[in-house]
Amino acid sequence: MKIVARTLVGLEEVLAKEIKELGGEDVEIFNRAVEYKGDMRLLYASNLWLRTAIDVLLPLSKFTANNEEELYDKIQRINWSNYITSEKTFSIVPIVHSSYFNHSHYAALKVKDAIVDQLREKKGRRPNVNTENPDVKIMLRISENKCSVLLNSSGDSLFKRGYRTYGGAAPINEVLAAGIIALTGWDAKTPFVDPMCGSGTFVIEAAMKARNIAPSINRKEFGFMNWLDYREDIWNAIYKEAEYCIEENDVPIFGFDKSRQTVRIAEMNAESIPALKGTIQFEMKDFFKSSKPTDKGILVTNPPYEVRIKTNNIEMFYEFIGNTLKHKWVGYDAWIISSNMQALKRLGLSAKKKITLFNAQLESKLVYLPLYEGSKKAKKQQENQEV
Ligand SMILES: C[S@@+](CC[C@H](N)C(=O)[O-])C[C@H]1O[C@@H](n2cnc3c(N)ncnc32)[C@H](O)[C@@H]1O
């Protein structure tokens, strides 16, 4: 069967790689989505294992409709009693870009009517709609007159891993953090540091990857558990296998923050994943007054952007970051994500790579700053000599 995993802008390739590693076949990349083939087992495993998917969808039907009546008729052709009983609740999530359907809400209402009418006619009772916490989440996608209906097998978005009970002031999305770590190419052997770790998202995602812990190991609920064909035995086997797959890895992972309270929050989040015990070293440290914890390593961080966390002078703040990196973090590969382009320029370091990503709605750049010993020119010469 066909499966669709959705992701964030810029993470499509990373997600496709994860899907292939998990056993997905005929993997195809689209804008913010990856399609692949697999069985129900792979669909469950995708929810547990994909670090960069925001949800995993099961396509039910694809058709064209030029107006609401046609949409209603074609939705009625799907046998809804295979998916929803009158005891279950459901919701329709519309994504509509169409000159045929001007109001996404109205199109969703038509779909809801078609489902409810069919089930009432067949079963004598209708299921209720629950937009907050539905048992079955149905996605309606309309692009001009092309419609597709998909079941959301994840339920809540997969960035809700179930470990970040405590947020910092501006936590980064877990899926984005995992995607950034993948984009850096981190090998899970090199020391990893987030010197402004906030609620700990980067270091927790890094530690889970290093220890081969499934990203959703702490999640209790997934949409597919409410489906009529849910196979608890298959899910239990996949989950048990994930517990069995956890590996030892003593790669040093450090999370620092200047706020004592924030460090405690990060610690509590990490503690909520029992298998992570002892994997991350947290400490209260001011980045500007401390130095690197290991000789070489990778630094990944999102400093304040002046959006949710204010500094007195954001451009000066980034200038200090740049100076600190230059003088105290030589030997490291630094990766910084920020939506503040002016401030990024003040780092005063030339980026070897710049990748556009979105942190929530904010267009951001992930910049790669290798911190060479001596000048860049000397490093180049050294590299040339090494070849
Ligand atoms: C945007 S938040 C990081 C969010 C984090 N990635 C998360 O997922 O929660 C920036 C963090 O930088 C910290 N910070 C600001 N100035 C700092 C400094 N001089 N040294 C260390 N941490 C600092 C703040 O306390 C805040 O937690």
# chains A, B, ... in the order shown; residues from 1 in each chain; ligands from 1
>>> residues_around(residues="stretch 291-294 of chain A", least_positions_apart="6", cutoff="10 Å", atoms="only C-alpha atoms", output="NGL selection string")
:A and (190-193 or 195 or 252-254 or 285 or 324-325 or 327-332)
>>> closest_atom_pairs(of="chain A", to="ligand 1", cutoff="8 Å", atoms="only C-alpha atoms and all ligand atoms", output="tab-separated table")
residue	atom	partner	partner_atom_place_in_ligand_line	distance
A:Gly167	CA	ligand 1	9 (O)	6.4
A:Gly168	CA	ligand 1	9 (O)	4.9
A:Ala169	CA	ligand 1	2 (S)	6.5
A:Ala170	CA	ligand 1	1 (C)	4.9
A:Pro171	CA	ligand 1	9 (O)	3.3
A:Ile172	CA	ligand 1	8 (O)	4.0
A:Asn173	CA	ligand 1	8 (O)	6.9
A:Glu174	CA	ligand 1	8 (O)	7.5
A:Ala177	CA	ligand 1	8 (O)	7.7
A:Asp194	CA	ligand 1	6 (N)	8.0
A:Pro195	CA	ligand 1	21 (C)	5.7
A:Met196	CA	ligand 1	22 (N)	3.9
A:Cys197	CA	ligand 1	5 (C)	4.8
A:Gly198	CA	ligand 1	27 (O)	3.4
A:Ser199	CA	ligand 1	9 (O)	3.6
A:Gly200	CA	ligand 1	9 (O)	5.3
A:Thr201	CA	ligand 1	8 (O)	4.2
A:Phe202	CA	ligand 1	6 (N)	6.1
A:Phe256	CA	ligand 1	21 (C)	6.4
A:Asp257	CA	ligand 1	22 (N)	3.8
A:Lys258	CA	ligand 1	21 (C)	4.0
A:Ser259	CA	ligand 1	25 (O)	5.1
A:Thr262	CA	ligand 1	27 (O)	6.1
A:Ala266	CA	ligand 1	9 (O)	7.7
A:Met284	CA	ligand 1	21 (C)	7.8
A:Lys285	CA	ligand 1	21 (C)	5.9
A:Asp286	CA	ligand 1	20 (N)	3.7
A:Phe287	CA	ligand 1	20 (N)	3.8
A:Phe288	CA	ligand 1	19 (N)	5.5
A:Lys289	CA	ligand 1	19 (N)	7.8
A:Thr301	CA	ligand 1	6 (N)	6.2
A:Asn302	CA	ligand 1	6 (N)	5.3
A:Pro303	CA	ligand 1	10 (C)	4.5
A:Pro304	CA	ligand 1	1 (C)	4.3
A:Tyr305	CA	ligand 1	1 (C)	6.8
A:Arg308	CA	ligand 1	1 (C)	7.7
A:Ile309	CA	ligand 1	1 (C)	6.6
A:Thr311	CA	ligand 1	16 (N)	7.9
>>> write_last_selection(atoms="C-alpha atoms", output="PDB file, in the first residue's frame")
ATOM      1  CA  GLY A 167       9.115  23.991  27.429  1.00  0.00           C
ATOM      2  CA  GLY A 168      11.734  26.722  27.602  1.00  0.00           C
ATOM      3  CA  ALA A 169      10.975  30.254  26.451  1.00  0.00           C
ATOM      4  CA  ALA A 170      11.380  29.444  22.744  1.00  0.00           C
ATOM      5  CA  PRO A 171      11.781  25.704  22.195  1.00  0.00           C
ATOM      6  CA  ILE A 172      12.587  24.499  18.706  1.00  0.00           C
ATOM      7  CA  ASN A 173      10.284  21.961  17.047  1.00  0.00           C
ATOM      8  CA  GLU A 174      11.578  18.439  17.746  1.00  0.00           C
ATOM      9  CA  ALA A 177      15.886  19.741  15.582  1.00  0.00           C
ATOM     10  CA  ASP A 194      24.433  22.873  22.440  1.00  0.00           C
ATOM     11  CA  PRO A 195      25.781  25.786  24.495  1.00  0.00           C
ATOM     12  CA  MET A 196      22.353  27.532  24.621  1.00  0.00           C
ATOM     13  CA  CYS A 197      20.269  24.403  25.019  1.00  0.00           C
ATOM     14  CA  GLY A 198      17.031  25.860  26.421  1.00  0.00           C
ATOM     15  CA  SER A 199      14.644  22.966  27.052  1.00  0.00           C
ATOM     16  CA  GLY A 200      17.248  20.564  25.642  1.00  0.00           C
ATOM     17  CA  THR A 201      15.681  19.656  22.302  1.00  0.00           C
ATOM     18  CA  PHE A 202      18.916  19.404  20.269  1.00  0.00           C
ATOM     19  CA  PHE A 256      24.602  24.212  28.574  1.00  0.00           C
ATOM     20  CA  ASP A 257      22.491  27.283  29.255  1.00  0.00           C
ATOM     21  CA  LYS A 258      23.114  30.412  31.267  1.00  0.00           C
ATOM     22  CA  SER A 259      19.787  30.042  33.077  1.00  0.00           C
ATOM     23  CA  THR A 262      16.264  26.349  32.030  1.00  0.00           C
ATOM     24  CA  ALA A 266      16.194  20.395  30.066  1.00  0.00           C
ATOM     25  CA  MET A 284      24.628  26.014  33.857  1.00  0.00           C
ATOM     26  CA  LYS A 285      27.206  27.950  31.825  1.00  0.00           C
ATOM     27  CA  ASP A 286      27.371  31.339  30.199  1.00  0.00           C
ATOM     28  CA  PHE A 287      28.599  30.784  26.639  1.00  0.00           C
ATOM     29  CA  PHE A 288      30.624  33.980  26.688  1.00  0.00           C
ATOM     30  CA  LYS A 289      32.425  33.125  29.917  1.00  0.00           C
ATOM     31  CA  THR A 301      22.379  25.699  18.568  1.00  0.00           C
ATOM     32  CA  ASN A 302      19.608  28.200  18.058  1.00  0.00           C
ATOM     33  CA  PRO A 303      20.484  31.378  19.910  1.00  0.00           C
ATOM     34  CA  PRO A 304      17.835  33.986  20.728  1.00  0.00           C
ATOM     35  CA  TYR A 305      16.403  35.607  17.559  1.00  0.00           C
ATOM     36  CA  ARG A 308      10.458  35.397  21.652  1.00  0.00           C
ATOM     37  CA  ILE A 309      13.686  35.883  23.609  1.00  0.00           C
ATOM     38  CA  THR A 311      18.576  40.507  24.281  1.00  0.00           C
TER      39      THR A 311
END
>>> residues_around(residues="stretch 38-52 of chain A", least_positions_apart="6", cutoff="6 Å", atoms="only C-alpha atoms", output="ChimeraX atom specification")
/A:1,15,24,175,179,214-216
>>> residues_around(residues="A:Trp186", least_positions_apart="2", cutoff="10 Å", atoms="only C-alpha atoms", output="CSV table (one decimal) with C-alpha atoms, in the first residue's frame")
chain,number,residue,atom,x,y,z
A,180,ILE,CA,19.1,19.8,11.5
A,181,ILE,CA,21.1,17.1,13.3
A,182,ALA,CA,20.7,14.9,10.2
A,183,LEU,CA,21.7,17.8,7.9
A,184,THR,CA,24.9,18.4,9.8
A,188,ALA,CA,27.1,10.0,16.6
A,189,LYS,CA,30.8,9.6,17.6
A,190,THR,CA,32.0,13.2,17.7
A,191,PRO,CA,31.3,15.1,20.9
A,192,PHE,CA,28.0,17.2,20.5
A,206,ALA,CA,21.1,13.9,19.4
A,209,LYS,CA,19.9,9.2,17.8
A,210,ALA,CA,23.2,8.2,19.3
A,297,GLY,CA,33.4,18.4,18.4
A,298,ILE,CA,30.2,19.7,16.8
A,333,ASP,CA,32.1,22.5,13.5
>>> select_by_dssp(residues="stretch 107-252 of chain A", states="alpha helix (DSSP H)", output="VMD selection string")
chain A and resid 107 to 123 174 to 184 201 to 210 232 to 244
>>> residues_around(residues="A:Ile280", least_positions_apart="3", cutoff="9 Å", atoms="only C-alpha atoms", output="compact mmCIF listing (two decimals) with N, CA and C atoms, in the first residue's frame")
# COMPACT_ATOMS: atom_id res chain seq x y z
N VAL A 203 19.99 18.45 22.20
CA VAL A 203 20.81 17.40 22.84
C VAL A 203 20.00 16.13 23.09
N ILE A 204 18.71 16.27 23.37
CA ILE A 204 17.88 15.08 23.58
C ILE A 204 17.72 14.33 22.25
N ALA A 207 20.99 12.67 21.50
CA ALA A 207 21.23 11.51 22.37
C ALA A 207 20.36 10.33 21.95
N PRO A 252 30.32 11.93 24.12
CA PRO A 252 29.96 13.02 25.02
C PRO A 252 28.92 13.95 24.39
N ILE A 253 27.84 14.22 25.11
CA ILE A 253 26.80 15.15 24.64
C ILE A 253 26.56 16.15 25.78
N PHE A 254 26.73 17.44 25.45
CA PHE A 254 26.63 18.47 26.49
C PHE A 254 25.52 19.47 26.18
N GLY A 255 24.74 19.79 27.19
CA GLY A 255 23.73 20.84 27.06
C GLY A 255 24.01 21.91 28.11
N GLU A 267 17.01 19.10 31.93
CA GLU A 267 17.31 17.84 32.64
C GLU A 267 16.05 17.02 32.86
N ALA A 270 14.95 15.36 29.66
CA ALA A 270 15.78 14.19 29.34
C ALA A 270 15.47 13.03 30.28
N LEU A 276 17.68 7.23 28.48
CA LEU A 276 18.69 8.27 28.24
C LEU A 276 19.56 8.57 29.46
N LYS A 277 19.24 7.93 30.56
CA LYS A 277 19.91 8.22 31.83
C LYS A 277 21.44 8.29 31.64
>>> atom_distance(atom1="atom CA of A:Gln261", atom2="atom CA of A:Gln281")
15.5 Å
>>> select_by_dssp(residues="stretch 228-385 of chain A", states="strand (DSSP E)", output="PyMOL selection string")
chain A and resi 253-257+280-284+297-301+332-338+353-359+362-370
>>> atom_distance(atom1="atom CA of A:Gly124", atom2="atom CA of A:His105")
26.4 Å
>>> atom_distance(atom1="atom CA of A:Gln361", atom2="atom CA of A:Asn152")
22.7 Å
>>> residues_around(residues="A:Asn212", least_positions_apart="3", cutoff="6 Å", atoms="only C-alpha atoms", output="PyMOL selection string")
chain A and resi 208-209+246-247
>>> write_last_selection(atoms="N, CA and C atoms", output="PDB file, in the first residue's frame")
ATOM      1  N   MET A 208      19.110  10.612  21.567  1.00  0.00           N
ATOM      2  CA  MET A 208      18.233   9.506  21.134  1.00  0.00           C
ATOM      3  C   MET A 208      18.791   8.848  19.875  1.00  0.00           C
ATOM      4  N   LYS A 209      19.305   9.705  18.989  1.00  0.00           N
ATOM      5  CA  LYS A 209      19.877   9.157  17.763  1.00  0.00           C
ATOM      6  C   LYS A 209      21.122   8.314  18.084  1.00  0.00           C
ATOM      7  N   ILE A 246      17.898  -0.498  21.582  1.00  0.00           N
ATOM      8  CA  ILE A 246      18.630   0.613  22.210  1.00  0.00           C
ATOM      9  C   ILE A 246      20.082   0.190  22.437  1.00  0.00           C
ATOM     10  N   GLU A 247      20.988   1.096  22.020  1.00  0.00           N
ATOM     11  CA  GLU A 247      22.417   0.742  22.074  1.00  0.00           C
ATOM     12  C   GLU A 247      23.153   1.574  23.120  1.00  0.00           C
TER      13      GLU A 247
END
>>> residues_around(residues="A:Lys110", least_positions_apart="5", cutoff="9 Å", atoms="only C-alpha atoms", output="mmCIF file with C-alpha atoms, in the first residue's frame")
data_model
loop_
_atom_site.group_PDB
_atom_site.id
_atom_site.type_symbol
_atom_site.label_atom_id
_atom_site.label_comp_id
_atom_site.auth_asym_id
_atom_site.auth_seq_id
_atom_site.Cartn_x
_atom_site.Cartn_y
_atom_site.Cartn_z
ATOM 1 C CA GLU A 68 -19.517 20.451 -3.777
ATOM 2 C CA GLU A 69 -22.153 18.002 -5.039
ATOM 3 C CA LEU A 71 -17.293 16.041 -3.848
ATOM 4 C CA TYR A 72 -20.189 14.735 -1.706
ATOM 5 C CA ILE A 75 -16.818 10.798 -0.748
ATOM 6 C CA HIS A 105 -14.400 24.979 5.676
ATOM 7 C CA ILE A 115 -19.621 10.426 5.807
#
